[in-house]
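Working notes, beginning with the structure itself.
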Amino acid sequence: MMKFRFRRQGTDPQREKIKQELFAFNKTVEHGFPHQPSALAFDPKLELMAIGTKSGAIKVYGAPGVEFTGLHKDTTAVTQIHFLPGQVSQQGVVSLQEVGNYSLPGRPGIESCSATRVTVLLLLRSCDLLCIGTEGGGVYFLELPRLSLKDDQTLLQDQVTQSLPDDYRCGKSLGPVESLQEHPQQSGKVLIGYSRGLVVLWDLSSRQVEQLFLGKQQLESLVWERSGNLFVSSHNDGGYSMWPVTSGNPNIHQPASSTIPYGPFPCKAINKILWRTTQTGSPVLLYSGGMPRASYGDRHCLTIQQDKDHVTLDFTSRVIDFFTVHSTEQDKEFDDPTALVVLLEEELVVIDLQTPGWPSLPTPYLAPLHSSAITCSCHISNVPPKLWERLINAGKAQQGRQQTWPICGGKNLAPPAKQQELLLTGHEDGTVRFWDASGVALTPLYKLSTANVFHTDCDPSDDPQDPSDDPDMQQEEEWPPFRKVGCFDPYSDDPRLGIQKISLCKYSNKLVVTGTAGQVIILGLNDERSDHLVDVSVVDLLQDREGFTWKGHDRLEPRLKPAPFPPGFQPLVLVQCLPPASVTAVALHAEWNLIAFGTSHGFGLFDYHRRNAVLARCTLHPNDSLAMEGPLSRVKSLKKSLRQSFRSRRPTLEGLNPGQRTTRSLEWSDVFHNVDVVFIYLFLFRGGASESSACVEAVLGKEIQLMHRAPVVSICVLDGRGKPLPDPYEASQDLAIAPDMTNAHSVLIASEEQLKVFSLPKVSAKTKFKLTAHEGCRVRKVALVVFSSAAQEDYSEHTLVCLTNLGDMHLFNIPGLRPQVRYDCIRKEDISGIASCVFTKTGQGFYLISPSEYERFSLSAKVLTEPLCSVQLDRLLEPRPAR
């Protein structure tokens with residue numbers, strides 16, 4: 001009896017079991033381009049590519065959907081990576097970090113940590129020996145896979161110096177080992193290149209210097225010609241030399257030829273050079289750097305030459321490394337390169353070497369999300385097949401040609417996606433990019449630019465076709481023959497173009513984007529190219545305010561003549577708010593052709609079908625009840641909120657004429673930063689003989705004043721069963737389960753401090769949960785999610801997900817607001833990650849872990865999007881830790 005009276009309440013084993021079947025937190029995959037890449041490798045047999053980063057991560061990529069991530073225990077940079085051919089399932093990759101942890105003996109009289117610092121690695125084709133060049137000029141040999149040192153094979157610089165002619169020694173050190181290259185036809189013979197310029201052909205079996213190439217220019221890199229009859233060296237003066245390898249002459253004093261391609265004026269070093277033979281007879285020469293110092297010393301370039309064809313690829317970020325995809329079979333006579341893969345500091349660029357003009361290839365993954373800084377994002381689930389197909393076609397029209405992706409190793413074992421998902425990102429340059437977020441590979445589908453709606457410094461006649469893909473666009477008269485390649489462009493021509501909010505109706509194909517200069521653009525989907533004039537409306541949100549002077553930027557000037565718009569989303573109506581402050585709140589009601597938008601100065605309701613019909617507007621005065629403690633600053637922006645348009649049809653409401661068809665938009669509102677008031681509007685739909693004669697009127701019906709006066713984050717209306725109402729189009733087109741209209745509805749309002757449910761239509765408080773009692777946290781993002789059971793096919797629950805400023809996720813049932821589970825997701829110091837977080841309707845989410853990468857996570861025990869492939873890495877790589 002006493003035991004029962006004092007037993008702790010709240011623990012229900014059955015409920016705990018259900019929660020385990022519904023909820024589980026996992027970080028599943030990282031989308032985008034690796035932050036701060038530092039190393040690159042390619043396995044031609046497995047057709048896998050590896051990228052190392054400065055944080056110690058190694059990411060391996062193959063065919064779309066095939067990718068792995070490993071992280072070293074230490075966070076030091078990975079500077080070199082080498083695959084162990086044919087042994088990926090057992091040993092993975094060898095990185096410089098593993099070798100760096102191995103203690104190498106130093107030379108007498110020289111500080112060990114300096115003399116034995118590893119500068120270059122070479123994995124012999126036999127895969128049983130790893131050659132290591134060091135800063136002290138020594139070459140060491142480690143036996144694989146144990147990484148045990150073979151003392152009898154060590155080659156110190158003194159041994160090489162003894163073989164040099166007296167006139168070449170000059171008492172100088174040969175410098176660090178810059179390059180190690182195995183003979184392409186004779187195993188066990190290695191070219192050793194020293195910084196001073198000396199190149200040695202070393203025979204491992206006899207442990208003798210077979211040939212000396214007495215170069216005098218500082219060496220940067222070496223590459224063999226396929227036959228082994230010559231090799232090419234590149235140097236710090238911007239030149240390269242070809243050296244014949246012939247028997248009978250142990251000392252070669254001069255190269256067969258030397259060239260400074262961009263001379264005669266002083267040039268920067270050629271950091272790396274490749275020589276690839278082809279069946280056409282003319283080899284392909286590829287090298288990075290070499291630009292004239294005075295004129296183009298700040299350019300990041302890579303040159304491709306074949307006979308008379310010559311192009312200088314001009315990038316916007318530094319070249320880290322590059323390789324070619326070519327034939328490596330020993331019985332093949334030629335390399336015949338098919339593609340060039342260039343790892344840059346901010347993106348990956350792939351060049352098709354088989355197509356005339358050497359066009360760039362679109363990447364199915366690793367696209368730079370930050371090509372222009374991301375300013376907002378939204379997720380669209382369960383995209384209708386027709387809309388998906390039209391977006392695919394619009395993207396193909398932009399890309400022009402379609403080529404095969406050259407990195408195609410591994411096998412994606414993940415089942416096909418049950419539904420198509422879109423991730424939309426808004427950018428600082430006025431673009432909206434559409435990504436296929438259905439699987440592991442975040443693939444770019446289509447890019448929308450809003451710049452050509454306005455007169456700006458941007459070229460309004462920009463064609464979506466990538467000029468780098470068109471060989472006719474090359475400026476052959478210019479020397480060097482530059483061609484802009486890649487899409488990373490961190491500088492916006494006009495910061496006013498920045499996208500602040502995106503709203504897409506996937507059923508009506510209407511899109512609304514807002515910007516930093518008061519612009520609201522309504523767009524429709526068109527499969528054909530169109531030249532038309534965009535209708536412009538101006539809405540003064542300060543019409544009732546006197547004595548106000550806007551001191552910010554000017555509004556963007558709209559184009560007054562028809563402009564060309566490519567297939568895809570094309571602008572129909574432009575609404576410009578005055579003053580031109582950032583429009584960071586927008587709601588779209590595509591069925592009624594209505595949009596609501598707001599800035600820190602006020603908000604408006606607009607009928608874009610009737611173009612100039614402003615249904616309602618509200619001006620925020622600095623001294624009214626909307627501000628909290630004192631004036632509302634101009635620079636304060638709207639609080640991001642969940643704004644969806646819901647409706648319920650009822651017979652005549654009290655106070656309205658019986659002839660009017662009425663629909664109440666129960667949750668169609670915009671919420672302002674530092675505002676603790678919720679506006680409820682009544683919408684009157686007046687029908688006519690035609691669609692053009694129909695109109696909507698808005699009447700302010702109610703204001704909800706929150707007593708705790710915290711900023712409102714989100715609003716959602718719940719039906720009689722406590723479930724969120726479906727989208728308007730879903731309800732009218734019978735695309736969703738009809739809401740419960742028999743019982744009273746309620747409204748869920750989330751502020752920064754608490755969650756509260758009010759009954760409708762009386763707007764009386766029903767239940768609440770205050771989060772500030774827990775470590776002083778503040779609500780940052782809120783979403784209503786459907787969680788499906790991993791054990792029961794037909795069981796699911798609607799749950800409120802709440803992200804706080806501490807980076808943790810709180811899950812509550814609705815409408816009772818009882819806490820379910822809590823997860824630590826994002827570091828509380830990661831302000832950018834918390835601000836960028838976006839949820840899906842099925843329990844997944846995305847947030848930025850760097851300017852170029854999204855972390856994808858799942859709160860659902862059933863719905864996960866993670867790699868499932870037939871190639872795995874282990875042993876050398878630690879499991880991927882939670883961030």
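Chain identifiers are assigned as A, B, and so on, following the order in which chains appear in the structure tokens; residues are numbered from 1 within each chain, and ligands are numbered from 1 in order of appearance.
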
List the spatial neighbours of Ser227 of chain A as a PyMOL selection string - criterion: any atom at most 10 Å away, only C-alpha atoms, same-chain residues fewer than 6 positions off excluded. chain A and resi 183-186+277+333-334

Write out as a ChimeraX atom specification the residues lying within 8 Å of Ser55 of chain A, counting only C-alpha atoms and excluding same-chain residues fewer than 5 positions away. /A:36,75-78

Assign secondary structure with DSSP using the backbone only, and return the residues of segment 707-765 of chain A in alpha helix (DSSP H) as an NGL selection string. :A and (728-732)

Just N, CA, C and O atoms for this one: save the residues we selected as a PDB file, in the first residue's frame.
```pdb
ATOM      1  N   PRO A 728      -3.674  23.790 -48.211  1.00  0.00           N
ATOM      2  CA  PRO A 728      -4.939  24.104 -48.879  1.00  0.00           C
ATOM      3  C   PRO A 728      -5.165  23.298 -50.147  1.00  0.00           C
ATOM      4  O   PRO A 728      -6.254  22.764 -50.372  1.00  0.00           O
ATOM      5  N   TYR A 729      -4.148  23.204 -50.988  1.00  0.00           N
ATOM      6  CA  TYR A 729      -4.317  22.461 -52.236  1.00  0.00           C
ATOM      7  C   TYR A 729      -4.531  20.982 -51.975  1.00  0.00           C
ATOM      8  O   TYR A 729      -5.293  20.314 -52.672  1.00  0.00           O
ATOM      9  N   GLU A 730      -3.873  20.444 -50.956  1.00  0.00           N
ATOM     10  CA  GLU A 730      -4.064  19.040 -50.621  1.00  0.00           C
ATOM     11  C   GLU A 730      -5.495  18.777 -50.211  1.00  0.00           C
ATOM     12  O   GLU A 730      -6.093  17.745 -50.575  1.00  0.00           O
ATOM     13  N   ALA A 731      -6.071  19.687 -49.454  1.00  0.00           N
ATOM     14  CA  ALA A 731      -7.447  19.512 -48.997  1.00  0.00           C
ATOM     15  C   ALA A 731      -8.439  19.632 -50.149  1.00  0.00           C
ATOM     16  O   ALA A 731      -9.336  18.799 -50.306  1.00  0.00           O
ATOM     17  N   SER A 732      -8.263  20.648 -50.999  1.00  0.00           N
ATOM     18  CA  SER A 732      -9.229  20.881 -52.073  1.00  0.00           C
ATOM     19  C   SER A 732      -9.159  19.834 -53.166  1.00  0.00           C
ATOM     20  O   SER A 732     -10.150  19.556 -53.837  1.00  0.00           O
TER      21      SER A 732
END
```

Among A:Gly193, A:Pro562, A:Gly136, A:Gly568, Pro176 of chain A is approached most closely, using only C-alpha atoms, by A:Gly136

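Close contacts of Arg299 of chain A, defined as residues with an atom at most 8 Å away when counting only C-alpha atoms, with chain neighbours fewer than 4 positions off set aside, comprise A:Met291, A:Asp314, A:Phe315, A:Thr316.
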
Create the file for the chosen residues now, containing C-alpha atoms and written as a PDB file, in the first residue's frame.
```pdb
ATOM      1  CA  MET A 291      51.576  32.018 -64.996  1.00  0.00           C
ATOM      2  CA  ASP A 314      41.013  29.761 -64.893  1.00  0.00           C
ATOM      3  CA  PHE A 315      39.615  28.878 -61.456  1.00  0.00           C
ATOM      4  CA  THR A 316      38.394  31.049 -58.606  1.00  0.00           C
TER       5      THR A 316
END
```
